[in-house]
Amino acid sequence: MRAFGTSFAAHLASGATTLATCWKITRADGAILGFTDHDAALFFDDCLFAPQTGADGAALQSSADLAVDNTEIAGALDHDALSAEDLASGRYDGAQVEIWRVNWADVSARALLKRGVIGEVVREGARFRAEIRGRGERLDRVEGRIFQRGCDAVVGDARCGADLSAPAFRGQGVVTAVLDDQRFLASGLGAFAPGWFAEGALLWTGGANAGALSGVKAHDKNAGADALSLWLPSGRAVAAGDAFTVTAGCDKRAETCAAKFSNLINFRGFHLMPGDDFAISYPLKAEKNDGGRR
C-alpha cells in the first residue's frame, strides 16, 4: 500500500479534491521539461510544468513481482520545447521521467507516483505517444560477455582501446548536396577510402542538427565526392553547408580489427570458435581419415 505525505493524504480525505497530473522529463543532455494536464502552469521541485500541452497519461500498471511496470504519455506536439524533430533525433531516448499527482491549489501537497525511463516514441501526425518503462526494465537487459565470432565491444570504448581521435580514424566534412532524408554528399573526406566510415558515428557540428549524433550506414565515393548514408533520418532537415565530424566504423570482424585498427590484441570476439558446420560435420570415405586433427 502506498504511503502519502500528511498534507496530501488529508487532501484526499477531504472529499473535494483539486488534483492534476504532472510529468517531469530529464533528458540525457540535462534539459528538463515539465508538463501537466492542468489548465494553468504549476511550479515545484525547481521545474515549471507547462499547461495546455494536450498531455494525457494512461493508467499506471504496477506489480509486486519483477515484471516491468509500464505506462505511457500522449500529447500534441504544440509546445515550444517539445518538437517533432527532437523526438525523431532521439533526444528523448532513455530520458528520466517522474509522474506526480499534485494538488494544484497547493502544490506542496503532492505524491510521486512513478519513476521510469522513456522507451519507444511513436508519432501520429501532430501527436506523439511515449512509452514509460519502470525501473524493472533494467533487469531485462543482457549483461556480461557474449560468446560469438564478432567483437562485442563498441569501437573506441575502453574495452576496444582504438583511439578514434587519431587523424586516421576521424574526419571533418561539410554537406555539399542532399540526396534524400538519409543520404548526402560531402566534402573534406577525400583522403579516406570508400567504406572507411561505414558503421561509424557522425556528430553534427553545424546546421539545424548541431549537437545531435547519427549512425552511419554506408560510405561510398560518388563522382569525386563522398556519399554518406545514415541509418535513420536526422531529427531536423540536413542542408548544404552543414558541418560534421565522423569517426571510423567497425564491422566487428577480426580481420577488420587487425587490418584497419591494428588492434587484434584487444579483439573481444571469439573468431576461432568452431561454427555450426564443424559441429555437425562427420568423416567422409573420400577424405584422409588418419585419426589426425581436423
# chains A, B, ... in the order shown; residues from 1 in each chain; ligands from 1

call {"tool": "residues_around", "arguments": {"residues": "Phe267 (chain A)", "least_positions_apart": "2", "cutoff": "8 Å", "atoms": "only C-alpha atoms", "output": "PyMOL selection string"}}
result
chain A and resi 151+160+254+257+263-265+269

call {"tool": "write_last_selection", "arguments": {"atoms": "C-alpha atoms", "output": "PDB file, in the first residue's frame"}}
result
ATOM      1  CA  CYS A 151      33.530  -8.407 -31.269  1.00  0.00           C
ATOM      2  CA  CYS A 160      38.256  -1.748 -27.583  1.00  0.00           C
ATOM      3  CA  ALA A 254      38.712  -9.945 -36.500  1.00  0.00           C
ATOM      4  CA  CYS A 257      40.245  -5.196 -36.257  1.00  0.00           C
ATOM      5  CA  ASN A 263      44.139  -3.770 -32.664  1.00  0.00           C
ATOM      6  CA  LEU A 264      43.707  -7.549 -32.788  1.00  0.00           C
ATOM      7  CA  ILE A 265      45.176  -7.859 -29.303  1.00  0.00           C
ATOM      8  CA  GLY A 269      35.122 -11.759 -30.050  1.00  0.00           C
TER       9      GLY A 269
END

call {"tool": "select_by_dssp", "arguments": {"residues": "region 125-193 of chain A", "states": "helix (DSSP H, G or I)", "output": "JSON, numbers by chain"}}
result
{"A": [135, 136, 137, 138, 139, 140, 167, 168, 169]}

call {"tool": "write_last_selection", "arguments": {"atoms": "N, CA and C atoms", "output": "tab-separated table (two decimals), in the first residue's frame"}}
result
chain	number	residue	atom	x	y	z
A	135	ARG	N	11.52	0.93	-13.57
A	135	ARG	CA	12.92	0.62	-13.31
A	135	ARG	C	13.24	-0.86	-13.48
A	136	GLY	N	12.23	-1.69	-13.39
A	136	GLY	CA	12.45	-3.12	-13.58
A	136	GLY	C	12.91	-3.46	-14.98
A	137	GLU	N	12.78	-2.51	-15.91
A	137	GLU	CA	13.20	-2.75	-17.29
A	137	GLU	C	14.70	-3.05	-17.38
A	138	ARG	N	15.48	-2.52	-16.45
A	138	ARG	CA	16.92	-2.76	-16.47
A	138	ARG	C	17.25	-4.24	-16.24
A	139	LEU	N	16.34	-4.96	-15.56
A	139	LEU	CA	16.59	-6.37	-15.29
A	139	LEU	C	16.46	-7.22	-16.55
A	140	ASP	N	15.85	-6.67	-17.61
A	140	ASP	CA	15.71	-7.40	-18.87
A	140	ASP	C	16.91	-7.23	-19.79
A	167	PRO	N	44.01	11.18	-36.38
A	167	PRO	CA	43.61	11.67	-37.71
A	167	PRO	C	43.21	10.57	-38.68
A	168	ALA	N	43.79	9.39	-38.53
A	168	ALA	CA	43.47	8.30	-39.45
A	168	ALA	C	42.05	7.78	-39.29
A	169	PHE	N	41.44	8.03	-38.13
A	169	PHE	CA	40.12	7.49	-37.84
A	169	PHE	C	39.07	8.58	-37.65

call {"tool": "atom_distance", "arguments": {"atom1": "CA of Asp163 (chain A)", "atom2": "CA of Ala95 (chain A)"}}
result
28.9 Å

call {"tool": "residues_around", "arguments": {"residues": "Lys24 (chain A)", "least_positions_apart": "6", "cutoff": "7 Å", "atoms": "only C-alpha atoms", "output": "NGL selection string"}}
result
:A and (33-35 or 97-99)

call {"tool": "residues_around", "arguments": {"residues": "Ala10 (chain A)", "least_positions_apart": "5", "cutoff": "12 Å", "atoms": "only C-alpha atoms", "output": "list in words"}}
result
Phe4, Gly5, Gly15, Ala16, Thr17, Asn103, Ala109 and Arg110 of chain A

call {"tool": "residues_around", "arguments": {"residues": "region 223-232 of chain A", "least_positions_apart": "5", "cutoff": "10 Å", "atoms": "only C-alpha atoms", "output": "PyMOL selection string"}}
result
chain A and resi 88-89+173+175-190+192-195+197-202+214-218

call {"tool": "write_last_selection", "arguments": {"atoms": "C-alpha atoms", "output": "CSV table (one decimal), in the first residue's frame"}}
result
chain,number,residue,atom,x,y,z
A,88,ALA,CA,12.9,12.0,-34.2
A,89,SER,CA,16.6,12.7,-33.5
A,173,GLY,CA,33.3,17.3,-43.6
A,175,VAL,CA,27.5,18.7,-46.7
A,176,THR,CA,27.6,19.7,-50.4
A,177,ALA,CA,24.4,18.2,-51.6
A,178,VAL,CA,21.4,16.5,-50.1
A,179,LEU,CA,20.1,13.4,-51.9
A,180,ASP,CA,17.3,12.5,-49.5
A,181,ASP,CA,16.5,12.5,-45.8
A,182,GLN,CA,19.2,9.8,-45.1
A,183,ARG,CA,21.8,10.4,-47.8
A,184,PHE,CA,24.0,13.3,-48.7
A,185,LEU,CA,27.3,14.2,-50.5
A,186,ALA,CA,30.1,15.8,-48.5
A,187,SER,CA,33.5,17.4,-49.0
A,188,GLY,CA,36.5,17.1,-46.7
A,189,LEU,CA,36.7,13.3,-46.7
A,190,GLY,CA,38.7,12.7,-49.9
A,192,PHE,CA,39.7,8.3,-46.7
A,193,ALA,CA,38.9,5.1,-48.6
A,194,PRO,CA,35.3,4.1,-49.5
A,195,GLY,CA,33.6,2.3,-46.7
A,197,PHE,CA,33.2,5.4,-42.1
A,198,ALA,CA,30.6,2.7,-42.6
A,199,GLU,CA,29.2,1.6,-39.2
A,200,GLY,CA,30.7,4.8,-37.7
A,201,ALA,CA,29.3,7.7,-35.8
A,202,LEU,CA,28.6,11.2,-37.1
A,214,SER,CA,23.8,10.0,-36.1
A,215,GLY,CA,24.8,6.5,-37.1
A,216,VAL,CA,26.5,6.0,-40.5
A,217,LYS,CA,25.2,3.1,-42.5
A,218,ALA,CA,27.4,3.4,-45.6

call {"tool": "residues_around", "arguments": {"residues": "Ile146 (chain A)", "least_positions_apart": "6", "cutoff": "10 Å", "atoms": "only C-alpha atoms", "output": "list in words"}}
result
Asp152, Ala153, Arg268, Gly269 and Phe270 of chain A

call {"tool": "closest_residue", "arguments": {"among": "A:Ala208, A:Met273, A:Ile132, A:Val117", "to": "Gln148 (chain A)", "atoms": "only C-alpha atoms"}}
result
A:Met273

call {"tool": "decode", "arguments": {"residues": "region 219-254 of chain A", "atoms": "N, CA and C atoms", "output": "CSV table (one decimal), in the first residue's frame"}}
result
chain,number,residue,atom,x,y,z
A,219,HIS,N,29.3,4.3,-46.6
A,219,HIS,CA,30.2,5.4,-47.1
A,219,HIS,C,30.8,5.0,-48.4
A,220,ASP,N,30.4,5.8,-49.5
A,220,ASP,CA,30.8,5.5,-50.8
A,220,ASP,C,31.4,6.7,-51.5
A,221,LYS,N,32.1,6.5,-52.6
A,221,LYS,CA,32.5,7.6,-53.5
A,221,LYS,C,31.6,7.8,-54.6
A,222,ASN,N,31.2,9.1,-54.9
A,222,ASN,CA,30.3,9.4,-55.9
A,222,ASN,C,30.8,10.6,-56.7
A,223,ALA,N,31.3,10.3,-57.9
A,223,ALA,CA,31.8,11.3,-58.8
A,223,ALA,C,32.8,12.3,-58.1
A,224,GLY,N,33.7,11.7,-57.4
A,224,GLY,CA,34.7,12.5,-56.7
A,224,GLY,C,34.3,13.1,-55.4
A,225,ALA,N,33.1,12.9,-55.0
A,225,ALA,CA,32.6,13.3,-53.7
A,225,ALA,C,32.3,12.1,-52.8
A,226,ASP,N,32.3,12.3,-51.5
A,226,ASP,CA,32.0,11.3,-50.6
A,226,ASP,C,30.5,11.2,-50.3
A,227,ALA,N,29.9,10.1,-50.5
A,227,ALA,CA,28.4,9.9,-50.2
A,227,ALA,C,28.3,9.1,-48.9
A,228,LEU,N,27.5,9.7,-48.0
A,228,LEU,CA,27.3,9.1,-46.7
A,228,LEU,C,25.8,8.8,-46.6
A,229,SER,N,25.5,7.6,-46.0
A,229,SER,CA,24.1,7.2,-45.8
A,229,SER,C,23.9,7.0,-44.3
A,230,LEU,N,22.9,7.5,-43.7
A,230,LEU,CA,22.6,7.3,-42.3
A,230,LEU,C,21.6,6.2,-42.1
A,231,TRP,N,21.7,5.6,-40.9
A,231,TRP,CA,20.7,4.5,-40.6
A,231,TRP,C,19.3,5.1,-40.4
A,232,LEU,N,19.2,6.3,-39.8
A,232,LEU,CA,17.9,6.9,-39.6
A,232,LEU,C,18.0,8.4,-40.1
A,233,PRO,N,16.9,9.0,-40.5
A,233,PRO,CA,16.9,10.4,-40.8
A,233,PRO,C,17.3,11.3,-39.6
A,234,SER,N,18.0,12.4,-39.8
A,234,SER,CA,18.3,13.3,-38.7
A,234,SER,C,17.0,13.9,-38.3
A,235,GLY,N,17.0,14.4,-37.0
A,235,GLY,CA,15.8,15.0,-36.5
A,235,GLY,C,15.3,16.2,-37.3
A,236,ARG,N,16.2,17.0,-37.7
A,236,ARG,CA,15.9,18.2,-38.5
A,236,ARG,C,16.5,18.0,-39.9
A,237,ALA,N,16.0,18.8,-40.8
A,237,ALA,CA,16.4,18.7,-42.2
A,237,ALA,C,17.9,19.0,-42.3
A,238,VAL,N,18.6,18.2,-43.1
A,238,VAL,CA,20.0,18.4,-43.4
A,238,VAL,C,20.1,19.4,-44.6
A,239,ALA,N,21.0,20.3,-44.6
A,239,ALA,CA,21.1,21.3,-45.7
A,239,ALA,C,22.6,21.4,-46.1
A,240,ALA,N,22.8,21.8,-47.3
A,240,ALA,CA,24.2,22.1,-47.8
A,240,ALA,C,24.9,23.1,-46.9
A,241,GLY,N,26.1,22.9,-46.5
A,241,GLY,CA,26.8,23.8,-45.6
A,241,GLY,C,26.9,23.3,-44.2
A,242,ASP,N,26.1,22.3,-43.9
A,242,ASP,CA,26.1,21.7,-42.5
A,242,ASP,C,27.4,21.0,-42.3
A,243,ALA,N,28.1,21.3,-41.2
A,243,ALA,CA,29.4,20.7,-40.8
A,243,ALA,C,29.2,19.5,-39.9
A,244,PHE,N,30.1,18.6,-40.0
A,244,PHE,CA,30.0,17.4,-39.1
A,244,PHE,C,31.4,16.8,-38.9
A,245,THR,N,31.5,16.0,-37.8
A,245,THR,CA,32.7,15.2,-37.6
A,245,THR,C,32.3,13.7,-37.6
A,246,VAL,N,33.0,12.9,-38.3
A,246,VAL,CA,32.7,11.5,-38.4
A,246,VAL,C,33.9,10.6,-38.0
A,247,THR,N,33.6,9.5,-37.3
A,247,THR,CA,34.6,8.6,-36.9
A,247,THR,C,34.5,7.3,-37.6
A,248,ALA,N,35.6,6.6,-37.8
A,248,ALA,CA,35.7,5.3,-38.5
A,248,ALA,C,34.8,4.3,-37.8
A,249,GLY,N,34.2,3.4,-38.6
A,249,GLY,CA,33.3,2.4,-38.1
A,249,GLY,C,34.0,1.0,-38.2
A,250,CYS,N,33.4,0.1,-37.5
A,250,CYS,CA,34.0,-1.3,-37.5
A,250,CYS,C,32.8,-2.3,-37.7
A,251,ASP,N,33.1,-3.3,-38.5
A,251,ASP,CA,32.0,-4.3,-38.7
A,251,ASP,C,32.2,-5.5,-37.8
A,252,LYS,N,33.0,-5.4,-36.7
A,252,LYS,CA,33.2,-6.4,-35.6
A,252,LYS,C,33.9,-7.6,-36.0
A,253,ARG,N,34.5,-7.7,-37.2
A,253,ARG,CA,35.2,-8.9,-37.6
A,253,ARG,C,36.7,-8.8,-37.2
A,254,ALA,N,37.3,-9.9,-36.9
A,254,ALA,CA,38.7,-9.9,-36.5
A,254,ALA,C,39.6,-9.4,-37.6
